[in-house]
$ cat work_19.tsv   # TSV, N, CA and C atoms and all ligand atoms
chain	number	residue	atom	x	y	z
C	1172	MET	N	88.21	-29.80	79.56
C	1172	MET	CA	89.29	-28.94	80.05
C	1172	MET	C	90.38	-29.75	80.74
C	1173	ILE	N	91.59	-29.44	80.40
C	1173	ILE	CA	92.71	-30.12	81.04
C	1173	ILE	C	93.00	-29.51	82.41
C	1174	PHE	N	92.88	-28.20	82.49
C	1174	PHE	CA	93.28	-27.52	83.72
C	1174	PHE	C	92.10	-27.43	84.68
C	1175	ARG	N	92.31	-27.94	85.85
C	1175	ARG	CA	91.34	-27.76	86.91
C	1175	ARG	C	91.70	-26.53	87.71
C	1176	ARG	N	90.76	-25.67	87.95
C	1176	ARG	CA	91.08	-24.40	88.63
C	1176	ARG	C	90.66	-24.49	90.08
C	1177	ARG	N	91.29	-25.37	90.79
C	1177	ARG	CA	90.98	-25.53	92.21
C	1177	ARG	C	91.41	-24.31	93.01
C	1178	ARG	N	92.61	-23.83	92.69
C	1178	ARG	CA	93.12	-22.67	93.41
C	1178	ARG	C	94.14	-21.97	92.54
C	1179	ARG	N	94.29	-20.69	92.79
C	1179	ARG	CA	95.31	-19.92	92.07
C	1179	ARG	C	96.68	-20.28	92.60
C	1180	PRO	N	97.63	-20.43	91.73
C	1180	PRO	CA	99.00	-20.65	92.21
C	1180	PRO	C	99.50	-19.41	92.93
C	1181	ALA	N	100.29	-19.59	93.95
C	1181	ALA	CA	100.87	-18.44	94.65
C	1181	ALA	C	101.88	-17.77	93.74
C	1182	PRO	N	101.72	-16.47	93.45
C	1182	PRO	CA	102.66	-15.80	92.54
C	1182	PRO	C	104.07	-15.76	93.11
C	1183	LEU	N	105.02	-15.70	92.21
C	1183	LEU	CA	106.41	-15.52	92.60
C	1183	LEU	C	106.63	-14.08	93.09
C	1184	SER	N	107.70	-13.86	93.81
C	1184	SER	CA	108.13	-12.49	94.09
C	1184	SER	C	108.86	-11.94	92.86
C	1185	CYS	N	109.04	-10.62	92.82
C	1185	CYS	CA	109.76	-10.01	91.71
C	1185	CYS	C	111.16	-10.62	91.58
C	1186	GLN	N	111.82	-10.82	92.70
C	1186	GLN	CA	113.18	-11.34	92.65
C	1186	GLN	C	113.21	-12.76	92.11
C	1187	GLU	N	112.28	-13.58	92.54
C	1187	GLU	CA	112.22	-14.96	92.03
C	1187	GLU	C	111.97	-14.96	90.52
C	1188	LEU	N	111.10	-14.05	90.10
C	1188	LEU	CA	110.80	-13.96	88.68
C	1188	LEU	C	112.05	-13.62	87.87
C	1189	VAL	N	112.81	-12.65	88.36
C	1189	VAL	CA	114.03	-12.25	87.64
C	1189	VAL	C	114.99	-13.42	87.52
C	1190	GLU	N	115.07	-14.21	88.59
C	1190	GLU	CA	116.01	-15.34	88.56
C	1190	GLU	C	115.57	-16.43	87.59
C	1191	LEU	N	114.27	-16.50	87.32
C	1191	LEU	CA	113.74	-17.56	86.46
C	1191	LEU	C	113.47	-17.11	85.03
C	1192	VAL	N	113.75	-15.82	84.75
C	1192	VAL	CA	113.28	-15.27	83.47
C	1192	VAL	C	113.88	-16.00	82.27
C	1193	THR	N	115.14	-16.36	82.33
C	1193	THR	CA	115.74	-17.03	81.16
C	1193	THR	C	115.12	-18.42	80.97
C	1194	ASP	N	114.88	-19.12	82.07
C	1194	ASP	CA	114.23	-20.43	81.96
C	1194	ASP	C	112.83	-20.29	81.37
C	1195	TYR	N	112.14	-19.23	81.80
C	1195	TYR	CA	110.79	-18.99	81.30
C	1195	TYR	C	110.82	-18.76	79.79
C	1196	LEU	N	111.73	-17.89	79.35
C	1196	LEU	CA	111.78	-17.54	77.93
C	1196	LEU	C	112.26	-18.71	77.07
C	1197	GLU	N	112.98	-19.63	77.68
C	1197	GLU	CA	113.43	-20.83	76.96
C	1197	GLU	C	112.41	-21.97	77.06
C	1198	GLY	N	111.34	-21.72	77.81
C	1198	GLY	CA	110.33	-22.76	77.98
C	1198	GLY	C	110.80	-23.90	78.88
C	1199	ALA	N	111.73	-23.60	79.79
C	1199	ALA	CA	112.34	-24.64	80.61
C	1199	ALA	C	111.68	-24.80	81.99
C	1200	LEU	N	110.71	-23.95	82.29
C	1200	LEU	CA	110.07	-24.07	83.60
C	1200	LEU	C	109.08	-25.22	83.63
C	1201	ASP	N	108.93	-25.84	84.81
C	1201	ASP	CA	107.87	-26.84	84.93
C	1201	ASP	C	106.52	-26.12	84.98
C	1202	GLU	N	105.48	-26.88	84.82
C	1202	GLU	CA	104.16	-26.30	84.62
C	1202	GLU	C	103.72	-25.44	85.81
C	1203	GLN	N	103.99	-25.94	87.00
C	1203	GLN	CA	103.56	-25.22	88.20
C	1203	GLN	C	104.31	-23.90	88.35
C	1204	THR	N	105.62	-23.95	88.13
C	1204	THR	CA	106.42	-22.73	88.26
C	1204	THR	C	106.01	-21.71	87.21
C	1205	ARG	N	105.74	-22.21	86.00
C	1205	ARG	CA	105.33	-21.29	84.94
C	1205	ARG	C	104.00	-20.63	85.28
C	1206	ALA	N	103.10	-21.39	85.89
C	1206	ALA	CA	101.81	-20.83	86.30
C	1206	ALA	C	102.01	-19.73	87.35
C	1207	ARG	N	102.93	-19.95	88.28
C	1207	ARG	CA	103.23	-18.94	89.30
C	1207	ARG	C	103.89	-17.72	88.67
C	1208	PHE	N	104.76	-17.99	87.71
C	1208	PHE	CA	105.45	-16.91	86.98
C	1208	PHE	C	104.41	-16.02	86.29
C	1209	GLU	N	103.48	-16.66	85.59
C	1209	GLU	CA	102.49	-15.89	84.84
C	1209	GLU	C	101.48	-15.21	85.77
C	1210	ALA	N	101.23	-15.82	86.92
C	1210	ALA	CA	100.36	-15.16	87.91
C	1210	ALA	C	100.99	-13.86	88.39
C	1211	HIS	N	102.30	-13.89	88.57
C	1211	HIS	CA	102.99	-12.66	88.97
C	1211	HIS	C	102.95	-11.62	87.85
C	1212	LEU	N	103.22	-12.05	86.63
C	1212	LEU	CA	103.20	-11.13	85.50
C	1212	LEU	C	101.85	-10.43	85.36
C	1213	ALA	N	100.78	-11.16	85.63
C	1213	ALA	CA	99.43	-10.60	85.49
C	1213	ALA	C	99.20	-9.46	86.47
C	1214	ASP	N	99.91	-9.48	87.58
C	1214	ASP	CA	99.70	-8.48	88.63
C	1214	ASP	C	100.80	-7.43	88.72
C	1215	CYS	N	101.85	-7.57	87.94
C	1215	CYS	CA	103.01	-6.70	88.12
C	1215	CYS	C	103.41	-6.07	86.79
C	1216	ASP	N	103.10	-4.78	86.64
C	1216	ASP	CA	103.43	-4.08	85.40
C	1216	ASP	C	104.94	-4.01	85.18
C	1217	GLY	N	105.68	-3.81	86.24
C	1217	GLY	CA	107.14	-3.71	86.12
C	1217	GLY	C	107.73	-4.97	85.51
C	1218	CYS	N	107.31	-6.11	85.99
C	1218	CYS	CA	107.85	-7.36	85.47
C	1218	CYS	C	107.34	-7.66	84.06
C	1219	SER	N	106.09	-7.30	83.78
C	1219	SER	CA	105.58	-7.49	82.42
C	1219	SER	C	106.44	-6.73	81.42
C	1220	GLU	N	106.75	-5.49	81.79
C	1220	GLU	CA	107.59	-4.66	80.93
C	1220	GLU	C	108.99	-5.26	80.79
C	1221	TYR	N	109.48	-5.74	81.89
C	1221	TYR	CA	110.82	-6.35	81.90
C	1221	TYR	C	110.87	-7.56	80.96
C	1222	ILE	N	109.85	-8.39	81.00
C	1222	ILE	CA	109.80	-9.56	80.12
C	1222	ILE	C	109.80	-9.13	78.66
C	1223	GLU	N	109.04	-8.09	78.36
C	1223	GLU	CA	109.01	-7.60	76.98
C	1223	GLU	C	110.38	-7.12	76.53
C	1224	GLN	N	111.08	-6.44	77.45
C	1224	GLN	CA	112.44	-5.99	77.11
C	1224	GLN	C	113.38	-7.16	76.90
C	1225	MET	N	113.23	-8.18	77.73
C	1225	MET	CA	114.06	-9.37	77.60
C	1225	MET	C	113.81	-10.06	76.26
C	1226	ARG	N	112.53	-10.16	75.90
C	1226	ARG	CA	112.18	-10.78	74.61
C	1226	ARG	C	112.81	-10.03	73.46
C	1227	GLU	N	112.71	-8.70	73.53
C	1227	GLU	CA	113.28	-7.87	72.48
C	1227	GLU	C	114.79	-8.06	72.41
C	1228	THR	N	115.43	-8.09	73.57
C	1228	THR	CA	116.88	-8.29	73.62
C	1228	THR	C	117.27	-9.62	73.00
C	1229	ILE	N	116.51	-10.65	73.34
C	1229	ILE	CA	116.80	-11.98	72.81
C	1229	ILE	C	116.62	-12.00	71.30
C	1230	ARG	N	115.58	-11.30	70.82
C	1230	ARG	CA	115.39	-11.21	69.36
C	1230	ARG	C	116.62	-10.59	68.70
C	1231	LEU	N	117.09	-9.49	69.28
C	1231	LEU	CA	118.25	-8.80	68.71
C	1231	LEU	C	119.50	-9.66	68.80
C	1232	VAL	N	119.71	-10.25	69.96
C	1232	VAL	CA	120.88	-11.10	70.16
C	1232	VAL	C	120.80	-12.32	69.26
C	1233	GLY	N	119.58	-12.85	69.12
C	1233	GLY	CA	119.39	-14.04	68.29
C	1233	GLY	C	119.82	-13.82	66.86
C	1234	ARG	N	119.62	-12.58	66.37
C	1234	ARG	CA	120.02	-12.26	65.00
C	1234	ARG	C	121.53	-12.28	64.81
C	1235	LEU	N	122.24	-11.99	65.88
C	1235	LEU	CA	123.69	-11.98	65.78
C	1235	LEU	C	124.25	-13.40	65.69
C	1236	GLY	N	123.52	-14.36	66.16
C	1236	GLY	CA	124.02	-15.74	66.17
C	1236	GLY	C	124.75	-16.05	67.45
C	1237	LYS	N	124.77	-17.30	67.80
C	1237	LYS	CA	125.39	-17.71	69.05
C	1237	LYS	C	126.89	-17.42	69.06
C	1238	GLY	N	127.34	-16.82	70.15
C	1238	GLY	CA	128.77	-16.56	70.31
C	1238	GLY	C	129.25	-15.30	69.61
C	1239	ASP	N	128.33	-14.62	68.91
C	1239	ASP	CA	128.75	-13.42	68.18
C	1239	ASP	C	128.50	-12.13	68.94
C	1240	LEU	N	127.96	-12.22	70.14
C	1240	LEU	CA	127.66	-11.02	70.89
C	1240	LEU	C	128.96	-10.35	71.33
C	1241	PRO	N	129.17	-9.09	70.90
C	1241	PRO	CA	130.42	-8.42	71.27
C	1241	PRO	C	130.50	-8.28	72.79
C	1242	PRO	N	131.70	-8.40	73.35
C	1242	PRO	CA	131.85	-8.34	74.81
C	1242	PRO	C	131.27	-7.07	75.42
C	1243	GLN	N	131.43	-5.93	74.74
C	1243	GLN	CA	130.92	-4.70	75.31
C	1243	GLN	C	129.39	-4.68	75.34
C	1244	ALA	N	128.74	-5.28	74.34
C	1244	ALA	CA	127.28	-5.36	74.34
C	1244	ALA	C	126.81	-6.27	75.47
C	1245	ARG	N	127.52	-7.34	75.69
C	1245	ARG	CA	127.19	-8.26	76.77
C	1245	ARG	C	127.34	-7.56	78.13
C	1246	ALA	N	128.42	-6.80	78.28
C	1246	ALA	CA	128.66	-6.08	79.53
C	1246	ALA	C	127.55	-5.06	79.77
C	1247	LYS	N	127.14	-4.38	78.71
C	1247	LYS	CA	126.09	-3.38	78.82
C	1247	LYS	C	124.77	-4.02	79.25
C	1248	PHE	N	124.51	-5.15	78.67
C	1248	PHE	CA	123.29	-5.87	79.01
C	1248	PHE	C	123.31	-6.32	80.46
C	1249	MET	N	124.41	-6.88	80.90
C	1249	MET	CA	124.51	-7.35	82.28
C	1249	MET	C	124.40	-6.19	83.26
C	1250	THR	N	124.95	-5.04	82.91
C	1250	THR	CA	124.85	-3.87	83.78
C	1250	THR	C	123.40	-3.42	83.91
C	1251	ALA	N	122.69	-3.38	82.79
C	1251	ALA	CA	121.28	-3.00	82.81
C	1251	ALA	C	120.49	-3.97	83.69
C	1252	PHE	N	120.83	-5.21	83.58
C	1252	PHE	CA	120.15	-6.24	84.36
C	1252	PHE	C	120.40	-6.04	85.85
C	1253	GLU	N	121.63	-5.76	86.21
C	1253	GLU	CA	121.97	-5.55	87.63
C	1253	GLU	C	121.30	-4.29	88.17
C	1254	ASP	N	121.26	-3.23	87.36
C	1254	ASP	CA	120.60	-2.00	87.78
C	1254	ASP	C	119.13	-2.25	88.07
C	1255	TRP	N	118.52	-3.02	87.18
C	1255	TRP	CA	117.09	-3.30	87.36
C	1255	TRP	C	116.86	-4.05	88.67
C	1256	LYS	N	117.68	-5.03	88.93
C	1256	LYS	CA	117.52	-5.81	90.16
C	1256	LYS	C	117.68	-4.93	91.39
C	1257	THR	N	118.64	-4.00	91.33
C	1257	THR	CA	118.89	-3.11	92.47
C	1257	THR	C	117.70	-2.19	92.72
C	1258	GLU	N	117.15	-1.67	91.63
C	1258	GLU	CA	115.99	-0.77	91.76
C	1258	GLU	C	114.80	-1.48	92.39
C	1259	GLN	N	114.65	-2.74	92.04
C	1259	GLN	CA	113.49	-3.49	92.57
C	1259	GLN	C	113.68	-3.89	94.02
C	1260	GLY	N	114.92	-3.81	94.48
C	1260	GLY	CA	115.20	-4.18	95.87
C	1260	GLY	C	115.03	-5.65	96.08
C	1301	ZN	ZN	107.14	-8.13	89.73

$ encode --input "work_19.tsv" --output "structure tokens"
Amino acid sequence: MIFRRRRRPAPLSCQELVELVTDYLEGALDEQTRARFEAHLADCDGCSEYIEQMRETIRLVGRLGKGDLPPQARAKFMTAFEDWKTEQG
């Protein structure tokens, strides 16, 4: 086994998770942060659902190709993102 399970990583807060979500989906997080990210996901249904929505959005956006996202779609997405953050406090 590569991973030693000495202790569970301290999970991120919901807000920290939201701030790191793009890095997570791009595989840009370091190993420790990703472990904390996933520890939070395991315990938080809201964030698990959010990640699934983000993945779906990226799939849809990915089909359009880079730079092809219409401005109004981008604005709609950013608004949804801000609403979610506000609801979570
Ligand atoms: Zn959460």

$ residues_near_ligand --input "work_19.tsv" --ligand "ligand ZN 1301 (chain C)" --cutoff "6.5 Å" --atoms "only N, CA and C atoms and all ligand atoms" --output "list in words"
Ser1184, Cys1185, Gln1186, His1211, Leu1212, Asp1214, Cys1215, Asp1216, Gly1217, Cys1218 and Ser1219 of chain C

$ atom_distance --input "work_19.tsv" --atom1 "atom C of Ala1181 of chain C" --atom2 "atom C of Glu1227 of chain C"
26.8 Å

$ residues_near_point --input "work_19.tsv" --point "(103.3, -19.6, 83.8)" --cutoff "12 Å" --atoms "only C-alpha atoms" --output "list in words"
Arg1179, Pro1180, Ala1181, Pro1182, Leu1183, Leu1188, Leu1191, Val1192, Asp1194, Tyr1195, Leu1196, Gly1198, Ala1199, Leu1200, Asp1201, Glu1202, Gln1203, Thr1204, Arg1205, Ala1206, Arg1207, Phe1208, Glu1209, Ala1210, His1211, Leu1212 and Ala1213 of chain C

$ atom_distance --input "work_19.tsv" --atom1 "atom CA of Gly1233 of chain C" --atom2 "atom N of Tyr1221 of chain C"
18.8 Å

$ axis_aligned_box --input "work_19.tsv" --around "segment 1180-1194 of chain C" --padding-each-side "3 Å" --output "lines of an AutoDock Vina configuration file"
center_x = 106.8
center_y = -15.3
center_z = 87.8
size_x = 24.4
size_y = 16.6
size_z = 19.7

$ atom_distance --input "work_19.tsv" --atom1 "atom CA of Val1189 of chain C" --atom2 "atom CA of Arg1230 of chain C"
18.4 Å

$ decode --input "work_19.tsv" --residues "segment 1192-1240 of chain C" --atoms "N, CA and C atoms" --output "short mmCIF file (atom, residue, chain, number, x, y, z; two decimals), in the first residue's frame"
data_model
loop_
_atom_site.label_atom_id
_atom_site.label_comp_id
_atom_site.auth_asym_id
_atom_site.auth_seq_id
_atom_site.Cartn_x
_atom_site.Cartn_y
_atom_site.Cartn_z
N VAL C 1192 -12.94 24.18 -6.34
CA VAL C 1192 -13.61 23.18 -7.18
C VAL C 1192 -13.02 23.11 -8.59
N THR C 1193 -12.67 24.24 -9.17
CA THR C 1193 -12.13 24.18 -10.54
C THR C 1193 -10.76 23.49 -10.54
N ASP C 1194 -9.95 23.78 -9.54
CA ASP C 1194 -8.64 23.12 -9.44
C ASP C 1194 -8.82 21.61 -9.28
N TYR C 1195 -9.82 21.24 -8.47
CA TYR C 1195 -10.09 19.83 -8.24
C TYR C 1195 -10.47 19.14 -9.55
N LEU C 1196 -11.40 19.76 -10.29
CA LEU C 1196 -11.89 19.14 -11.52
C LEU C 1196 -10.81 19.11 -12.61
N GLU C 1197 -9.85 20.01 -12.51
CA GLU C 1197 -8.73 20.01 -13.46
C GLU C 1197 -7.58 19.13 -13.00
N GLY C 1198 -7.73 18.55 -11.81
CA GLY C 1198 -6.66 17.71 -11.28
C GLY C 1198 -5.45 18.51 -10.83
N ALA C 1199 -5.67 19.77 -10.44
CA ALA C 1199 -4.57 20.66 -10.12
C ALA C 1199 -4.25 20.73 -8.62
N LEU C 1200 -5.05 20.05 -7.81
CA LEU C 1200 -4.80 20.12 -6.36
C LEU C 1200 -3.63 19.22 -5.97
N ASP C 1201 -2.90 19.63 -4.94
CA ASP C 1201 -1.87 18.72 -4.42
C ASP C 1201 -2.57 17.58 -3.66
N GLU C 1202 -1.81 16.56 -3.38
CA GLU C 1202 -2.40 15.33 -2.87
C GLU C 1202 -3.12 15.54 -1.54
N GLN C 1203 -2.51 16.33 -0.67
CA GLN C 1203 -3.10 16.55 0.65
C GLN C 1203 -4.41 17.33 0.55
N THR C 1204 -4.40 18.37 -0.28
CA THR C 1204 -5.61 19.18 -0.43
C THR C 1204 -6.73 18.35 -1.06
N ARG C 1205 -6.35 17.52 -2.03
CA ARG C 1205 -7.36 16.68 -2.67
C ARG C 1205 -7.97 15.70 -1.67
N ALA C 1206 -7.14 15.17 -0.78
CA ALA C 1206 -7.63 14.26 0.25
C ALA C 1206 -8.63 14.97 1.16
N ARG C 1207 -8.32 16.21 1.52
CA ARG C 1207 -9.23 17.00 2.37
C ARG C 1207 -10.52 17.32 1.61
N PHE C 1208 -10.36 17.63 0.33
CA PHE C 1208 -11.51 17.91 -0.53
C PHE C 1208 -12.46 16.71 -0.56
N GLU C 1209 -11.88 15.53 -0.78
CA GLU C 1209 -12.70 14.33 -0.89
C GLU C 1209 -13.27 13.91 0.47
N ALA C 1210 -12.55 14.22 1.54
CA ALA C 1210 -13.09 13.95 2.88
C ALA C 1210 -14.34 14.78 3.12
N HIS C 1211 -14.32 16.01 2.65
CA HIS C 1211 -15.51 16.86 2.79
C HIS C 1211 -16.65 16.32 1.93
N LEU C 1212 -16.35 15.96 0.69
CA LEU C 1212 -17.38 15.43 -0.21
C LEU C 1212 -18.07 14.21 0.39
N ALA C 1213 -17.30 13.37 1.07
CA ALA C 1213 -17.85 12.14 1.64
C ALA C 1213 -18.89 12.44 2.71
N ASP C 1214 -18.77 13.60 3.35
CA ASP C 1214 -19.65 13.95 4.46
C ASP C 1214 -20.71 14.99 4.11
N CYS C 1215 -20.66 15.53 2.91
CA CYS C 1215 -21.53 16.67 2.60
C CYS C 1215 -22.29 16.41 1.30
N ASP C 1216 -23.58 16.11 1.45
CA ASP C 1216 -24.41 15.84 0.27
C ASP C 1216 -24.52 17.05 -0.64
N GLY C 1217 -24.62 18.22 -0.05
CA GLY C 1217 -24.76 19.45 -0.84
C GLY C 1217 -23.58 19.64 -1.77
N CYS C 1218 -22.39 19.45 -1.26
CA CYS C 1218 -21.20 19.64 -2.09
C CYS C 1218 -21.04 18.51 -3.10
N SER C 1219 -21.40 17.29 -2.73
CA SER C 1219 -21.34 16.19 -3.69
C SER C 1219 -22.21 16.49 -4.90
N GLU C 1220 -23.42 16.99 -4.61
CA GLU C 1220 -24.34 17.34 -5.68
C GLU C 1220 -23.78 18.48 -6.53
N TYR C 1221 -23.20 19.42 -5.85
CA TYR C 1221 -22.61 20.58 -6.53
C TYR C 1221 -21.50 20.13 -7.50
N ILE C 1222 -20.65 19.23 -7.05
CA ILE C 1222 -19.58 18.72 -7.91
C ILE C 1222 -20.15 18.04 -9.14
N GLU C 1223 -21.21 17.27 -8.94
CA GLU C 1223 -21.83 16.60 -10.09
C GLU C 1223 -22.37 17.61 -11.08
N GLN C 1224 -22.96 18.68 -10.56
CA GLN C 1224 -23.47 19.73 -11.45
C GLN C 1224 -22.34 20.41 -12.20
N MET C 1225 -21.24 20.64 -11.50
CA MET C 1225 -20.08 21.28 -12.13
C MET C 1225 -19.53 20.39 -13.24
N ARG C 1226 -19.45 19.09 -12.95
CA ARG C 1226 -18.94 18.15 -13.97
C ARG C 1226 -19.82 18.17 -15.21
N GLU C 1227 -21.13 18.17 -14.97
CA GLU C 1227 -22.08 18.20 -16.08
C GLU C 1227 -21.91 19.48 -16.88
N THR C 1228 -21.77 20.60 -16.18
CA THR C 1228 -21.60 21.89 -16.85
C THR C 1228 -20.34 21.88 -17.70
N ILE C 1229 -19.27 21.35 -17.13
CA ILE C 1229 -18.00 21.31 -17.86
C ILE C 1229 -18.13 20.42 -19.10
N ARG C 1230 -18.86 19.31 -18.95
CA ARG C 1230 -19.10 18.45 -20.13
C ARG C 1230 -19.79 19.23 -21.23
N LEU C 1231 -20.84 19.97 -20.85
CA LEU C 1231 -21.60 20.73 -21.83
C LEU C 1231 -20.75 21.85 -22.44
N VAL C 1232 -20.05 22.56 -21.58
CA VAL C 1232 -19.21 23.66 -22.04
C VAL C 1232 -18.08 23.11 -22.91
N GLY C 1233 -17.54 21.96 -22.50
CA GLY C 1233 -16.45 21.35 -23.24
C GLY C 1233 -16.82 21.05 -24.68
N ARG C 1234 -18.09 20.69 -24.89
CA ARG C 1234 -18.56 20.40 -26.25
C ARG C 1234 -18.57 21.64 -27.14
N LEU C 1235 -18.76 22.78 -26.52
CA LEU C 1235 -18.80 24.01 -27.29
C LEU C 1235 -17.41 24.41 -27.77
N GLY C 1236 -16.39 23.95 -27.10
CA GLY C 1236 -15.04 24.35 -27.46
C GLY C 1236 -14.61 25.59 -26.73
N LYS C 1237 -13.33 25.73 -26.55
CA LYS C 1237 -12.80 26.86 -25.79
C LYS C 1237 -13.12 28.19 -26.48
N GLY C 1238 -13.61 29.13 -25.68
CA GLY C 1238 -13.87 30.46 -26.20
C GLY C 1238 -15.20 30.60 -26.91
N ASP C 1239 -15.94 29.48 -27.03
CA ASP C 1239 -17.21 29.55 -27.75
C ASP C 1239 -18.41 29.74 -26.85
N LEU C 1240 -18.20 29.82 -25.55
CA LEU C 1240 -19.31 29.97 -24.63
C LEU C 1240 -19.95 31.34 -24.81
#
